[in-house]
Structures are given as structure tokens and as C-alpha cells.
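What follows is the content of structure21.txt, which has compact mmCIF, C-alpha atoms and all ligand atoms:
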# COMPACT_ATOMS: atom_id res chain seq x y z
CA MET A 468 -54.12 19.39 -4.37
CA MET A 469 -51.91 21.53 -6.57
CA ASN A 470 -48.74 19.92 -7.84
CA ALA A 471 -45.52 21.93 -8.22
CA PHE A 472 -46.20 22.65 -11.86
CA ASP A 473 -49.72 23.96 -11.17
CA SER A 474 -48.59 26.10 -8.30
CA GLN A 475 -45.83 27.63 -10.41
CA LEU A 476 -48.34 28.41 -13.11
CA ALA A 477 -50.62 29.98 -10.52
CA ILE A 478 -47.76 32.25 -9.48
CA ALA A 479 -47.11 32.97 -13.14
CA GLU A 480 -50.72 34.07 -13.47
CA ARG A 481 -50.20 36.49 -10.58
CA PHE A 482 -47.07 37.80 -12.25
CA VAL A 483 -48.82 38.25 -15.55
CA LYS A 484 -51.63 40.26 -13.98
CA TYR A 485 -49.25 43.20 -13.86
CA ILE A 486 -48.95 43.05 -17.63
CA PRO A 487 -52.49 42.56 -18.92
CA ARG A 488 -52.97 40.31 -21.90
CA GLY A 489 -54.41 41.58 -25.14
CA GLU A 490 -52.93 45.00 -24.54
CA ALA A 491 -51.48 46.58 -27.68
CA SER A 492 -47.77 47.22 -27.70
CA LEU A 493 -47.16 50.89 -27.02
CA PHE A 494 -44.73 50.90 -29.91
CA SER A 495 -46.42 48.74 -32.50
CA GLY A 496 -49.87 50.18 -32.01
CA ASP A 497 -51.42 46.91 -33.14
CA HIS A 498 -52.92 43.96 -31.32
CA ARG A 499 -50.30 41.30 -31.56
CA ALA A 500 -49.56 39.24 -28.49
CA SER A 501 -48.95 41.57 -25.57
CA VAL A 502 -45.93 41.50 -23.31
CA GLY A 503 -48.08 39.71 -20.75
CA GLU A 504 -48.79 36.85 -23.13
CA CYS A 505 -45.13 36.69 -24.10
CA VAL A 506 -44.08 36.55 -20.45
CA GLU A 507 -46.68 33.91 -19.71
CA ARG A 508 -45.43 31.71 -22.53
CA THR A 509 -41.87 32.26 -21.43
CA VAL A 510 -42.83 31.13 -17.92
CA SER A 511 -44.52 27.98 -19.22
CA ASN A 512 -41.59 27.19 -21.48
CA MET A 513 -39.09 27.72 -18.69
CA ILE A 514 -41.08 25.44 -16.39
CA ALA A 515 -41.31 22.80 -19.10
CA HIS A 516 -37.75 22.97 -20.41
CA ALA A 517 -35.41 24.65 -17.94
CA THR A 518 -36.34 23.70 -14.42
CA GLY A 519 -34.85 20.21 -14.70
CA TYR A 520 -31.32 21.60 -15.00
CA ASP A 521 -28.99 22.12 -12.05
CA HIS A 522 -27.19 25.13 -13.48
CA TRP A 523 -28.37 27.99 -15.65
CA ILE A 524 -25.97 30.10 -17.64
CA LEU A 525 -27.31 33.33 -19.08
CA ALA A 526 -25.36 34.34 -22.21
CA TYR A 527 -25.30 38.11 -21.98
CA SER A 528 -23.98 40.59 -24.51
CA GLY A 529 -25.42 43.84 -23.22
CA GLY A 530 -27.77 44.07 -26.21
CA LYS A 531 -31.53 44.34 -25.97
CA ASP A 532 -32.43 40.67 -26.41
CA SER A 533 -29.99 39.19 -23.92
CA SER A 534 -30.75 42.06 -21.51
CA THR A 535 -34.42 41.19 -21.77
CA VAL A 536 -33.70 37.55 -20.99
CA ALA A 537 -31.36 38.37 -18.10
CA THR A 538 -33.73 40.81 -16.40
CA LEU A 539 -36.82 38.73 -17.04
CA ILE A 540 -35.37 35.47 -15.75
CA VAL A 541 -33.88 37.10 -12.67
CA SER A 542 -37.19 38.88 -12.00
CA LEU A 543 -39.09 35.60 -12.34
CA LEU A 544 -36.70 33.99 -9.87
CA GLU A 545 -36.94 36.88 -7.42
CA LEU A 546 -40.74 36.81 -7.59
CA GLY A 547 -40.76 33.09 -6.95
CA VAL A 548 -42.40 32.35 -10.29
CA LEU A 549 -39.53 30.05 -11.22
CA GLU A 550 -37.70 27.69 -8.93
CA ARG A 551 -34.08 28.62 -8.44
CA PRO A 552 -31.53 26.32 -10.05
CA LYS A 553 -28.53 25.27 -7.96
CA THR A 554 -26.48 27.99 -9.64
CA LEU A 555 -27.21 30.92 -11.90
CA THR A 556 -24.32 32.54 -13.76
CA VAL A 557 -24.45 35.49 -16.11
CA MET A 558 -21.66 35.34 -18.69
CA TYR A 559 -20.89 38.62 -20.40
CA ALA A 560 -19.14 38.49 -23.77
CA ASP A 561 -16.79 41.46 -23.68
CA THR A 562 -15.75 42.05 -27.30
CA ARG A 563 -14.38 45.52 -26.49
CA VAL A 564 -15.93 46.84 -29.71
CA GLU A 565 -19.59 47.05 -28.75
CA LEU A 566 -21.34 50.39 -29.03
CA PRO A 567 -20.10 52.46 -26.03
CA PRO A 568 -23.54 53.38 -24.61
CA LEU A 569 -24.42 49.69 -24.59
CA GLN A 570 -21.10 48.86 -22.94
CA ALA A 571 -21.91 51.45 -20.26
CA ALA A 572 -25.40 49.99 -19.80
CA ALA A 573 -23.95 46.48 -19.55
CA ARG A 574 -21.53 47.64 -16.84
CA GLU A 575 -24.40 49.09 -14.83
CA MET A 576 -26.45 45.92 -15.29
CA MET A 577 -23.55 43.75 -14.13
CA THR A 578 -23.01 45.94 -11.07
CA ARG A 579 -26.68 45.52 -10.25
CA LEU A 580 -26.62 41.74 -10.78
CA ARG A 581 -23.53 41.35 -8.60
CA ALA A 582 -25.16 43.46 -5.89
CA MET A 583 -28.02 40.94 -5.94
CA GLY A 584 -25.53 38.14 -5.29
CA ILE A 585 -25.66 36.76 -8.83
CA ALA A 586 -22.39 35.44 -10.25
CA VAL A 587 -21.25 37.42 -13.29
CA LEU A 588 -18.30 36.27 -15.38
CA GLU A 589 -16.75 38.53 -18.01
CA VAL A 590 -15.46 36.62 -21.00
CA CYS A 591 -12.92 38.05 -23.44
CA ALA A 592 -11.12 36.34 -26.33
CA PRO A 593 -7.45 35.36 -25.75
CA MET A 594 -5.01 38.15 -26.64
CA ASP A 595 -4.07 36.96 -30.14
CA GLU A 596 -7.69 36.32 -31.09
CA ARG A 597 -9.02 39.76 -30.17
CA PHE A 598 -10.48 41.87 -32.95
CA PHE A 599 -7.66 44.35 -33.54
CA VAL A 600 -4.81 42.05 -32.53
CA TYR A 601 -5.98 39.43 -35.02
CA MET A 602 -6.43 42.00 -37.76
CA PHE A 603 -3.29 44.10 -37.34
CA GLY A 604 -0.99 41.59 -35.64
CA ARG A 605 -1.74 38.51 -37.75
CA GLY A 606 -2.85 40.50 -40.78
CA VAL A 607 -6.31 39.01 -41.36
CA PRO A 608 -8.41 41.53 -43.35
CA PRO A 609 -11.50 43.13 -41.80
CA PRO A 610 -14.46 40.72 -41.66
CA SER A 611 -16.89 40.71 -44.54
CA ASN A 612 -20.01 38.87 -45.61
CA THR A 613 -17.84 36.29 -47.38
CA PHE A 614 -15.25 35.98 -44.59
CA ARG A 615 -16.98 36.49 -41.27
CA TRP A 616 -14.28 35.42 -38.86
CA CYS A 617 -15.27 37.87 -36.14
CA THR A 618 -18.48 36.44 -34.66
CA PRO A 619 -17.13 32.99 -33.83
CA GLN A 620 -13.76 34.34 -32.80
CA ILE A 621 -14.64 37.25 -30.53
CA LYS A 622 -18.03 36.05 -29.31
CA VAL A 623 -18.86 32.39 -29.70
CA GLU A 624 -15.53 30.63 -29.12
CA PRO A 625 -14.54 32.57 -25.98
CA MET A 626 -18.03 32.00 -24.60
CA THR A 627 -17.90 28.30 -25.46
CA ALA A 628 -14.51 27.94 -23.75
CA ALA A 629 -15.71 29.80 -20.67
CA ILE A 630 -18.88 27.73 -20.46
CA ALA A 631 -16.86 24.51 -20.84
CA GLU A 632 -14.57 25.53 -17.98
CA HIS A 633 -17.46 26.67 -15.83
CA VAL A 634 -19.54 23.54 -16.42
CA GLY A 635 -16.49 21.35 -15.81
CA ARG A 636 -16.11 22.93 -12.37
CA LEU A 637 -19.79 22.63 -11.48
CA GLY A 638 -20.75 19.10 -12.44
CA GLY A 639 -24.44 18.32 -12.99
CA ARG A 640 -26.68 19.32 -15.88
CA ALA A 641 -26.27 22.81 -17.25
CA LEU A 642 -28.47 24.86 -19.54
CA THR A 643 -27.30 27.88 -21.52
CA ILE A 644 -30.06 30.45 -21.92
CA THR A 645 -29.75 32.82 -24.87
CA GLY A 646 -31.63 35.85 -26.17
CA VAL A 647 -32.33 34.34 -29.58
CA ARG A 648 -35.57 35.68 -30.85
CA ARG A 649 -37.23 34.81 -34.08
CA GLY A 650 -40.21 37.08 -33.56
CA GLU A 651 -42.63 37.51 -36.33
CA SER A 652 -40.47 37.73 -39.43
CA ALA A 653 -37.73 35.31 -38.56
CA ALA A 654 -40.26 32.58 -37.78
CA ARG A 655 -39.97 31.98 -41.47
CA ASP A 656 -36.21 32.13 -41.33
CA GLN A 657 -34.59 28.76 -41.02
CA ARG A 658 -31.15 30.27 -40.83
CA ILE A 659 -31.46 31.40 -37.26
CA SER A 660 -27.72 31.21 -36.70
CA LEU A 661 -27.28 34.15 -39.08
CA SER A 662 -30.15 36.08 -37.60
CA CYS A 663 -28.01 39.01 -36.56
CA SER A 664 -28.85 40.84 -39.74
CA ARG A 665 -32.59 40.35 -39.39
CA ASN A 666 -35.35 41.63 -37.20
CA GLY A 667 -33.02 43.81 -35.14
CA ALA A 668 -31.39 40.74 -33.61
CA GLU A 669 -28.14 40.51 -31.67
CA CYS A 670 -25.01 39.42 -33.49
CA GLY A 671 -23.72 36.17 -32.02
CA GLN A 672 -26.76 34.98 -30.06
CA GLY A 673 -27.94 32.71 -32.86
CA TRP A 674 -24.49 31.24 -33.23
CA LEU A 675 -24.42 30.45 -29.55
CA GLN A 676 -27.80 28.79 -29.86
CA THR A 677 -26.75 26.55 -32.74
CA ASP A 678 -23.01 26.09 -32.33
CA LEU A 679 -22.50 25.35 -28.65
CA PRO A 680 -21.53 21.67 -28.48
CA GLY A 681 -24.54 19.71 -27.25
CA ALA A 682 -22.27 17.66 -25.02
CA LEU A 683 -21.36 20.81 -23.13
CA THR A 684 -24.79 22.18 -22.31
CA ASP A 685 -28.21 22.23 -23.82
CA THR A 686 -29.38 25.63 -25.01
CA PHE A 687 -32.72 27.28 -24.63
CA ALA A 688 -34.16 30.53 -25.97
CA PRO A 689 -37.06 31.56 -23.70
CA ILE A 690 -37.94 34.73 -25.66
CA ASP A 691 -37.82 33.00 -29.02
CA HIS A 692 -41.45 33.97 -29.65
CA TRP A 693 -41.10 37.64 -28.62
CA THR A 694 -41.39 40.33 -31.26
CA LEU A 695 -39.12 43.33 -31.38
CA CYS A 696 -41.90 45.61 -30.06
CA MET A 697 -42.34 43.36 -27.04
CA VAL A 698 -38.64 43.57 -26.26
CA TRP A 699 -38.79 47.37 -26.35
CA ASP A 700 -41.93 47.37 -24.20
CA TRP A 701 -40.20 45.20 -21.64
CA LEU A 702 -36.99 47.23 -21.54
CA LYS A 703 -38.56 50.68 -21.58
CA ILE A 704 -41.74 50.23 -19.56
CA PHE A 705 -42.03 47.04 -17.56
CA ALA A 706 -38.50 46.10 -16.46
CA PRO A 707 -37.90 49.55 -14.89
CA MET A 708 -41.09 49.21 -12.80
CA PRO A 709 -40.50 48.41 -9.11
CA GLU A 710 -42.80 45.35 -9.42
CA PHE A 711 -40.40 43.78 -11.87
CA GLY A 712 -37.13 44.78 -10.23
CA ALA A 713 -36.59 48.43 -11.20
CA TRP A 714 -33.98 47.42 -13.74
CA PRO A 715 -31.79 50.10 -15.36
CA THR A 716 -32.91 48.95 -18.81
CA ARG A 717 -34.08 52.27 -20.19
CA MET A 718 -30.47 53.18 -20.80
CA ILE A 719 -30.10 50.04 -22.94
CA ALA A 720 -32.99 51.24 -25.08
CA ASP A 721 -31.46 54.72 -25.14
CA GLY A 722 -28.16 53.17 -26.19
CA TYR A 723 -29.75 52.30 -29.51
CA GLY A 724 -30.13 56.00 -30.17
CA GLY A 725 -33.88 55.80 -30.60
CA ASP A 726 -33.67 53.45 -33.57
CA GLU A 727 -36.14 50.76 -32.65
CA ASP A 728 -35.18 48.35 -35.41
CA MET A 729 -31.44 48.38 -34.81
CA ARG A 730 -29.43 45.19 -34.66
CA THR A 731 -26.81 44.97 -31.94
CA GLY A 732 -23.20 44.49 -32.83
CA CYS A 733 -19.77 46.00 -32.95
CA VAL A 734 -19.31 49.66 -33.61
CA GLY A 735 -18.48 50.18 -37.29
CA CYS A 736 -19.42 46.57 -38.16
CA ASN A 737 -18.16 45.95 -41.67
CA LEU A 738 -20.97 43.53 -42.50
CA ILE A 739 -23.71 46.10 -42.59
CA ALA A 740 -23.99 48.80 -45.24
CA HIS A 741 -24.68 51.64 -42.82
CA ASP A 742 -23.85 51.82 -39.13
CA GLY A 743 -27.21 53.30 -38.18
CA ALA A 744 -26.70 52.52 -34.49
CA LEU A 745 -23.68 54.78 -34.20
CA ALA A 746 -25.31 57.49 -36.31
CA SER A 747 -28.33 57.45 -33.98
CA VAL A 748 -26.22 57.48 -30.84
CA LEU A 749 -24.30 60.53 -32.02
CA LYS A 750 -27.56 62.49 -32.08
CA LEU A 751 -28.19 61.73 -28.40
CA PRO A 752 -27.21 64.32 -25.81
CA GLY A 753 -23.92 63.38 -24.16
CA TRP A 754 -22.50 61.06 -26.80
CA ASP A 755 -21.25 63.31 -29.60
CA HIS A 756 -17.66 62.81 -28.41
CA LEU A 757 -17.91 59.42 -30.16
CA THR A 758 -18.00 61.10 -33.59
CA PRO A 759 -14.43 59.96 -34.49
CA LEU A 760 -15.69 56.35 -34.33
CA LEU A 761 -17.29 56.98 -37.72
CA GLY A 762 -13.75 56.59 -39.04
CA LEU A 763 -13.68 52.86 -38.18
CA LYS A 764 -16.03 51.77 -40.92
CA LYS A 765 -14.18 53.90 -43.47
CA LEU A 766 -10.92 52.28 -42.38
CA TYR A 767 -12.30 48.73 -42.71
CA LEU A 768 -13.57 49.47 -46.20
CA GLU A 769 -10.22 50.91 -47.19
CA LEU A 770 -8.29 47.96 -45.79
CA ARG A 771 -10.15 45.57 -48.06
CA LEU A 772 -8.68 47.25 -51.15
CA PRO A 773 -6.02 45.37 -53.19
CA ARG A 774 -3.32 47.96 -52.48
CA HIS A 775 -3.31 46.98 -48.81
CA ARG A 776 -3.26 43.22 -49.31
CA LYS A 777 -1.36 40.19 -50.58
CA ARG A 778 -2.56 37.88 -53.30
CA GLN A 779 -1.77 34.24 -54.09
CA PRO A 780 0.22 34.19 -57.36
CA GLY A 781 -1.74 31.32 -58.94
CA PHE A 782 -1.48 27.53 -59.23
CA GLN A 783 -2.37 26.74 -55.65
CA TYR A 784 -3.10 23.03 -55.21
CA ARG A 785 -5.03 21.00 -52.67
CA LYS A 786 -3.44 18.07 -50.85
CA ASP A 787 -4.94 15.69 -53.42
CA GLY A 788 -3.10 17.48 -56.22
CA THR A 789 -6.11 19.22 -57.75
CA LEU A 790 -6.22 22.97 -58.26
CA GLN A 791 -7.90 25.01 -55.58
CA SER A 792 -11.12 26.65 -56.68
CA ASN A 793 -10.21 30.22 -55.76
CA GLN A 794 -6.99 30.89 -57.68
CA GLN A 795 -5.18 34.17 -57.02
CA ARG A 796 -7.41 35.02 -54.08
CA MET A 797 -6.66 38.13 -52.10
CA GLY A 798 -5.44 37.54 -48.59
CA PRO A 799 -3.82 39.26 -45.63
CA LEU A 800 -2.93 42.86 -44.96
CA THR A 801 0.57 44.05 -45.77
CA PHE A 802 2.72 45.25 -42.88
CA ASP A 803 2.36 48.86 -44.08
CA ALA A 804 -1.41 48.49 -44.09
CA ARG A 805 -1.42 46.99 -40.61
CA LEU A 806 0.68 49.80 -39.19
CA MET A 807 -1.48 52.35 -40.97
CA GLY A 808 -4.61 50.69 -39.54
CA LEU A 809 -3.13 50.56 -36.05
CA GLU A 810 -2.24 54.26 -36.12
CA ARG A 811 -5.68 55.18 -37.43
CA VAL A 812 -7.49 53.24 -34.69
CA LEU A 813 -5.20 54.68 -32.00
CA GLY A 814 -5.88 58.13 -33.47
CA ILE A 815 -9.64 57.56 -33.33
CA GLN A 816 -9.34 56.35 -29.73
CA ALA A 817 -7.24 59.37 -28.77
CA ALA A 818 -9.65 61.80 -30.46
CA VAL A 819 -12.65 60.30 -28.63
CA ASN A 820 -10.83 60.35 -25.31
CA GLU A 821 -9.61 63.93 -25.74
CA ALA A 822 -13.19 65.04 -26.40
CA ALA A 823 -14.43 62.95 -23.47
CA ASP A 824 -11.83 64.57 -21.16
CA ARG A 825 -12.77 68.01 -22.35
CA LEU A 826 -16.49 67.39 -21.83
CA GLY A 827 -16.16 65.45 -18.58
CA ARG A 828 -17.41 62.17 -20.08
CA VAL A 829 -16.23 58.57 -19.94
CA GLY A 830 -13.65 57.59 -22.56
CA ILE A 831 -13.23 54.38 -24.55
CA VAL A 832 -10.64 51.66 -25.03
CA LEU A 833 -10.41 50.14 -28.49
CA ILE A 834 -6.80 48.97 -28.23
CA ASP A 835 -5.16 48.92 -24.81
CA VAL A 836 -1.43 49.17 -24.07
CA GLU A 837 -0.87 45.39 -23.95
CA GLU A 838 -2.77 44.86 -27.18
CA GLU A 839 -0.81 47.57 -28.96
CA ALA A 840 2.45 46.02 -27.76
CA ARG A 841 1.33 42.58 -28.93
CA ILE A 842 0.31 43.90 -32.36
CA ARG A 843 3.71 45.54 -32.81
CA GLU A 844 5.43 42.36 -31.60
CA LEU A 845 3.51 40.17 -34.05
CA ILE A 846 4.37 42.53 -36.90
CA ALA A 847 8.04 42.54 -35.84
CA LEU A 848 7.92 38.73 -35.83
CA GLN A 849 6.60 38.88 -39.41
CA THR A 850 3.45 36.98 -38.54
CA TRP A 851 1.12 35.89 -41.34
CA PRO A 852 -2.14 33.95 -41.28
CA ARG A 853 -1.90 30.19 -41.81
CA GLY A 854 -1.20 29.35 -45.46
CA TRP A 855 0.60 32.64 -46.19
CA THR A 856 4.33 33.41 -46.03
CA GLY A 857 4.48 37.09 -46.98
CA GLU A 858 6.41 36.18 -50.13
CA GLU A 859 3.23 36.45 -52.18
CA PRO A 860 2.83 39.48 -54.48
CA ASN A 861 0.90 42.51 -53.34
CA ALA A 862 -2.67 42.30 -54.57
CA ASP A 863 -2.45 45.45 -56.71
CA VAL A 864 0.35 43.97 -58.84
CA TRP A 865 -0.88 42.98 -62.32
CA LEU A 866 -0.57 39.23 -62.89
CA ASP A 867 -1.42 36.91 -65.74
CA GLN A 868 -4.83 35.55 -64.79
CA VAL A 869 -4.87 31.91 -63.64
CA ASP A 870 -8.34 30.38 -63.96
CA ASN A 871 -9.63 27.61 -61.74
CA ASP A 872 -9.12 25.04 -64.53
CA GLY A 873 -5.43 25.96 -64.78
CA SER A 874 -5.68 27.96 -68.00
CA VAL A 875 -3.76 31.23 -68.13
CA GLN A 876 -4.94 34.49 -69.64
CA PRO A 877 -1.92 36.73 -70.15
CA ILE A 878 -2.17 40.43 -69.48
CA LEU A 879 -3.10 42.08 -72.79
CA PHE A 880 -1.22 45.33 -72.34
CA ARG A 881 1.88 44.15 -70.56
CA GLU A 882 3.97 47.03 -71.89
CA LEU A 883 1.48 49.58 -70.61
CA VAL A 884 1.60 48.18 -67.11
CA GLY A 885 5.37 47.82 -67.29
CA LYS A 886 5.52 44.04 -66.69
S1 LIG B 901 -21.23 42.88 -35.11
FE1 LIG B 901 -20.21 42.74 -37.09
S2 LIG B 901 -18.01 42.97 -36.61
FE2 LIG B 901 -19.07 42.44 -34.69
S3 LIG B 901 -18.95 40.23 -34.52
FE3 LIG B 901 -20.91 40.69 -35.49
S4 LIG B 901 -20.50 40.61 -37.69
FE4 LIG B 901 -18.52 40.78 -36.64

Full structure transcribed into C-alpha cells:
Amino acid sequence: MMNAFDSQLAIAERFVKYIPRGEASLFSGDHRASVGECVERTVSNMIAHATGYDHWILAYSGGKDSSTVATLIVSLLELGVLERPKTLTVMYADTRVELPPLQAAAREMMTRLRAMGIAVLEVCAPMDERFFVYMFGRGVPPPSNTFRWCTPQIKVEPMTAAIAEHVGRLGGRALTITGVRRGESAARDQRISLSCSRNGAECGQGWLQTDLPGALTDTFAPIDHWTLCMVWDWLKIFAPMPEFGAWPTRMIADGYGGDEDMRTGCVGCNLIAHDGALASVLKLPGWDHLTPLLGLKKLYLELRLPRHRKRQPGFQYRKDGTLQSNQQRMGPLTFDARLMGLERVLGIQAAVNEAADRLGRVGIVLIDVEEEARIRELIALQTWPRGWTGEEPNADVWLDQVDNDGSVQPILFRELVGK
């Protein structure tokens, strides 16, 4: 007699017959594991690792990897391949700065999931932690590769808080399911938490996988073994098929502007050299009204310049009395820079929305009315990041150089710089 595990696998076999094994990816043109094999392994892994949990939480960002997980898992449940947990909740991280076509696709996906009776929670960072409020209200400079405050703050921490609240209400064992995918190249990459810059991965998913407190929920990545080509095959070919749920996933693929190797992240992300995603989207029919968004990346680069920032004057000490190792470091944005940045972003938003109105398209919200009011309020309250008072010199003022060992190198041409 078949036990539950065997019978589930038998159903999985039936499911997989729709996606024959050994079939080359339509996009890779080679003979790596087909989508069918990937699905089959996902099914076995889910049966082995996920079915013992009472509650499943799908961490969804609207990007290709988490969309693949969400549609695949729901399809497997609908087809009876997986046993339903007591609850299934899709949690959408709404950063407000994702690429607009992907935001639109995520909205459609959430409408569809809700229509199927699946609980969808939208998670947004608290007001003062949101991307533009934090930057222009508190004065923290745009994120960079050496100061990446954004991913934890606008993605991971709000999601962690929402999961904690949700799990606290539910009781029982909960599992958070993410779209982390190491694929072929990142299998060699031990630093999965930073995988957003590799293999076209989604910014934030790896952090969720590694940084969610274990006491809160376990985490599981059922498409960990999928390659990028398999993800595209699923989204473009299989998920839209009636057999697998007729999901509106082609528009997610289209949202990448035809660039198959694109990572998912915020529009104008300052951590990548070139925002290829936006450039590709602008070439698509119906999205050229987003052209002013190209100004975001230019603004972030400009705001990192010394003339827009404060600098510690030198001789900063730790609590134990020793000198800090980064003397005279540059810090927050000046008030003038923040106001300039705010006006520029509002101008970009207005330009996009005017074009959208003219062309009968959907507009965008980068900074809403409440956020703008809060930014202006924080500036009026003279708010600085922790450890800064605003009394520090502007970073473009010439100072005698204080080295980390406490030695001082005076400015050589003091007269020339007028100090
Ligand atoms: S996509 Fe870029 S700006 Fe957005 S959270 Fe990730 S690193 Fe930060």
C-alpha cells in the first residue's frame, strides 16, 4: 500500500509529465536540468522539508525568483501535489522604489492570489525608515557598497517584524519560503546573503534566508537549485499555461525589459554601476514615460559628493578611549542637500506623472504627501543620524588631516585655501 509520501510523489510524477525531463531550456539552448527536473526536485524537497509545518509564509517581492516560488507553490497546492498547510500567507515587501512594471505585475499577481482566497499581506517600512524619508529627513547618504543600509531597512526588517507579528498571532510551527536561488554559478558562492549582485538574483531574498531569526521561523528555499534559464522558462512558458494555473507571469518577464540576466531591485539602485533594468524597460512599448527616473541614479551619485555632506573634524574616540579607525569620515547630508534632493525626486515624480497623464498610462509614487510632510518636519526639527549633531564641518572644507594613529598632517598650502 502506498504511504502518504509515495502517493504525493506519484502525483508529483503526474505533474511533471507536463514538463518533460531532459528537455533543453528554450532560452539556454543547452541540456542542463529541464524545468521538469527542477520542479520534481522542488516537490521532493517540499515534501521532505516543508510539509511538517503548520503555516507557510511566502516572502514575495514581485521579482522573478519570488514570483516563481509563489506561483509554483500555489500551483502545486491547487493540483494536490502538496498537502495544504493550515495557513498560507503571501507577504509582499512594498519598498515603493521597485521598478514600476514589476510593481504593476506584483499588483496583478496579488489581485489574482486574493481572488483565489489566499491571504496576502503588504509590508512597508515604518514612516521614518522608508527610503526617501530616511535619506532626506534624517540625512543618511544614499546607500553604497560600503554602507548598504537600504536592504535590511526597507526589505528585511519590515518583513521580519511582519512575520513576527503574524507568527505570534497564529501559534504553531511556521516556515518562511523564499526565492533564494543559487543556480549554477552561485553554487560556488558561499556568500548567499549578498547574492543580489550575482546570477540575476533578487535583492533582499538572500538576507531574508540568512537573517530571519531562527526562533521566529525556519526558512526554506525550494528553488535553490534552479538556474536563471529555468526561472524564465517557468515564468514565460509554463506558469501561463492553463494546466499550471494560467498565471499572469509573462508581464513579470516583460518587466525586466527583455534583459534575461537582470537582477531585481530598486529603480536607480546606487549599488550597481549601470541600471540596465530601467534602460531596458524604457525601450518597451508603453513605458517611455518613465524616462525621468534616469535622474535618480545621477542624483544619488551627486549626493555622495563632499559638498553635500558633513565630515567628522578628527579625534573621534571609542568608549574605551582609543581613537576610532575611520578619522574624519564623511557622514550625513546637509540640510541644503536634503532639500535639493527632495525637490529633485518630486520633480522626477511630477515629470513621470505628467507624461503618464498625457499618454493615458498609470503614474508612480516615489514620495507621497505624508512622506513629504514628514521629511520637511524632520528637517525643520534639525534631525541628524545617531552620532552626529550638525555642528561638524561640511565635508568640502579643507582640514588638517588626522590619521588613525592620532598624528596630524597640516594642510601644505593653507594660504592658498584661505585657512
Ligand atoms: S536594490 Fe539597491 S537600493 Fe534597493 S535595497 Fe537593494 S541594494 Fe538597496

Check your understanding: Given a cut-off of 9 Å, what residues near ligand LIG 901 (chain B) show up using all atoms listed in the file, put as a PyMOL selection string?
Key -> chain A and resi 562+564-565+598+609-612+615-622+663-664+669-671+730-739

Would you put the residues from that selection into a file with C-alpha atoms, as a CSV table (one decimal), keeping the file's coordinate frame?
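Contents of part-v3.csv, freshly written:
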chain,number,residue,atom,x,y,z
A,562,THR,CA,-15.8,42.0,-27.3
A,564,VAL,CA,-15.9,46.8,-29.7
A,565,GLU,CA,-19.6,47.0,-28.8
A,598,PHE,CA,-10.5,41.9,-33.0
A,609,PRO,CA,-11.5,43.1,-41.8
A,610,PRO,CA,-14.5,40.7,-41.7
A,611,SER,CA,-16.9,40.7,-44.5
A,612,ASN,CA,-20.0,38.9,-45.6
A,615,ARG,CA,-17.0,36.5,-41.3
A,616,TRP,CA,-14.3,35.4,-38.9
A,617,CYS,CA,-15.3,37.9,-36.1
A,618,THR,CA,-18.5,36.4,-34.7
A,619,PRO,CA,-17.1,33.0,-33.8
A,620,GLN,CA,-13.8,34.3,-32.8
A,621,ILE,CA,-14.6,37.2,-30.5
A,622,LYS,CA,-18.0,36.0,-29.3
A,663,CYS,CA,-28.0,39.0,-36.6
A,664,SER,CA,-28.8,40.8,-39.7
A,669,GLU,CA,-28.1,40.5,-31.7
A,670,CYS,CA,-25.0,39.4,-33.5
A,671,GLY,CA,-23.7,36.2,-32.0
A,730,ARG,CA,-29.4,45.2,-34.7
A,731,THR,CA,-26.8,45.0,-31.9
A,732,GLY,CA,-23.2,44.5,-32.8
A,733,CYS,CA,-19.8,46.0,-33.0
A,734,VAL,CA,-19.3,49.7,-33.6
A,735,GLY,CA,-18.5,50.2,-37.3
A,736,CYS,CA,-19.4,46.6,-38.2
A,737,ASN,CA,-18.2,46.0,-41.7
A,738,LEU,CA,-21.0,43.5,-42.5
A,739,ILE,CA,-23.7,46.1,-42.6

Exercise for review: For atom CA of Lys703 of chain A and atom CA of Ser542 of chain A, determine how far apart the two atoms are, in Å to one decimal place.
Suggested key: 15.3 Å

Kindly assemble as a Markdown table a list of the segment 542-597 of chain A residues that lie within 10 Å of segment 755-778 of chain A, each paired with its nearest atom pair and their distance in Å to one decimal, using all atoms listed in the file, sorted first by chain and then by ascending residue number.
| residue | atom | partner | partner_atom | distance |
| --- | --- | --- | --- | --- |
| A:Leu566 | CA | A:Leu757 | CA | 9.7 |
| A:Pro567 | CA | A:Leu757 | CA | 8.4 |
| A:Pro568 | CA | A:Leu757 | CA | 9.9 |

Practice item. Can you work out which one of A:Arg796, A:Arg551, A:Arg574, A:Arg597 has the shortest atom-to-atom distance to Ile834 of chain A, counting all atoms listed in the file? Key: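 Among the listed residues, A:Arg597 lies closest to Ile834 of chain A.
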
Review point. Which of these, A:Arg640, A:Arg563, A:His741, A:Lys553, has the shortest distance to Ile585 of chain A once you count all atoms listed in the file?
Key: A:Lys553

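As for atom CA of Gln779 of chain A and atom CA of Ala862 of chain A, they are spaced 8.1 Å apart.
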
Practice item. Have a look at atom CA of Gln672 of chain A and atom CA of Ser528 of chain A and let me know their distance in Å, one decimal. Key: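 Calculated distance between atom CA of Gln672 of chain A and atom CA of Ser528 of chain A is 8.4 Å.
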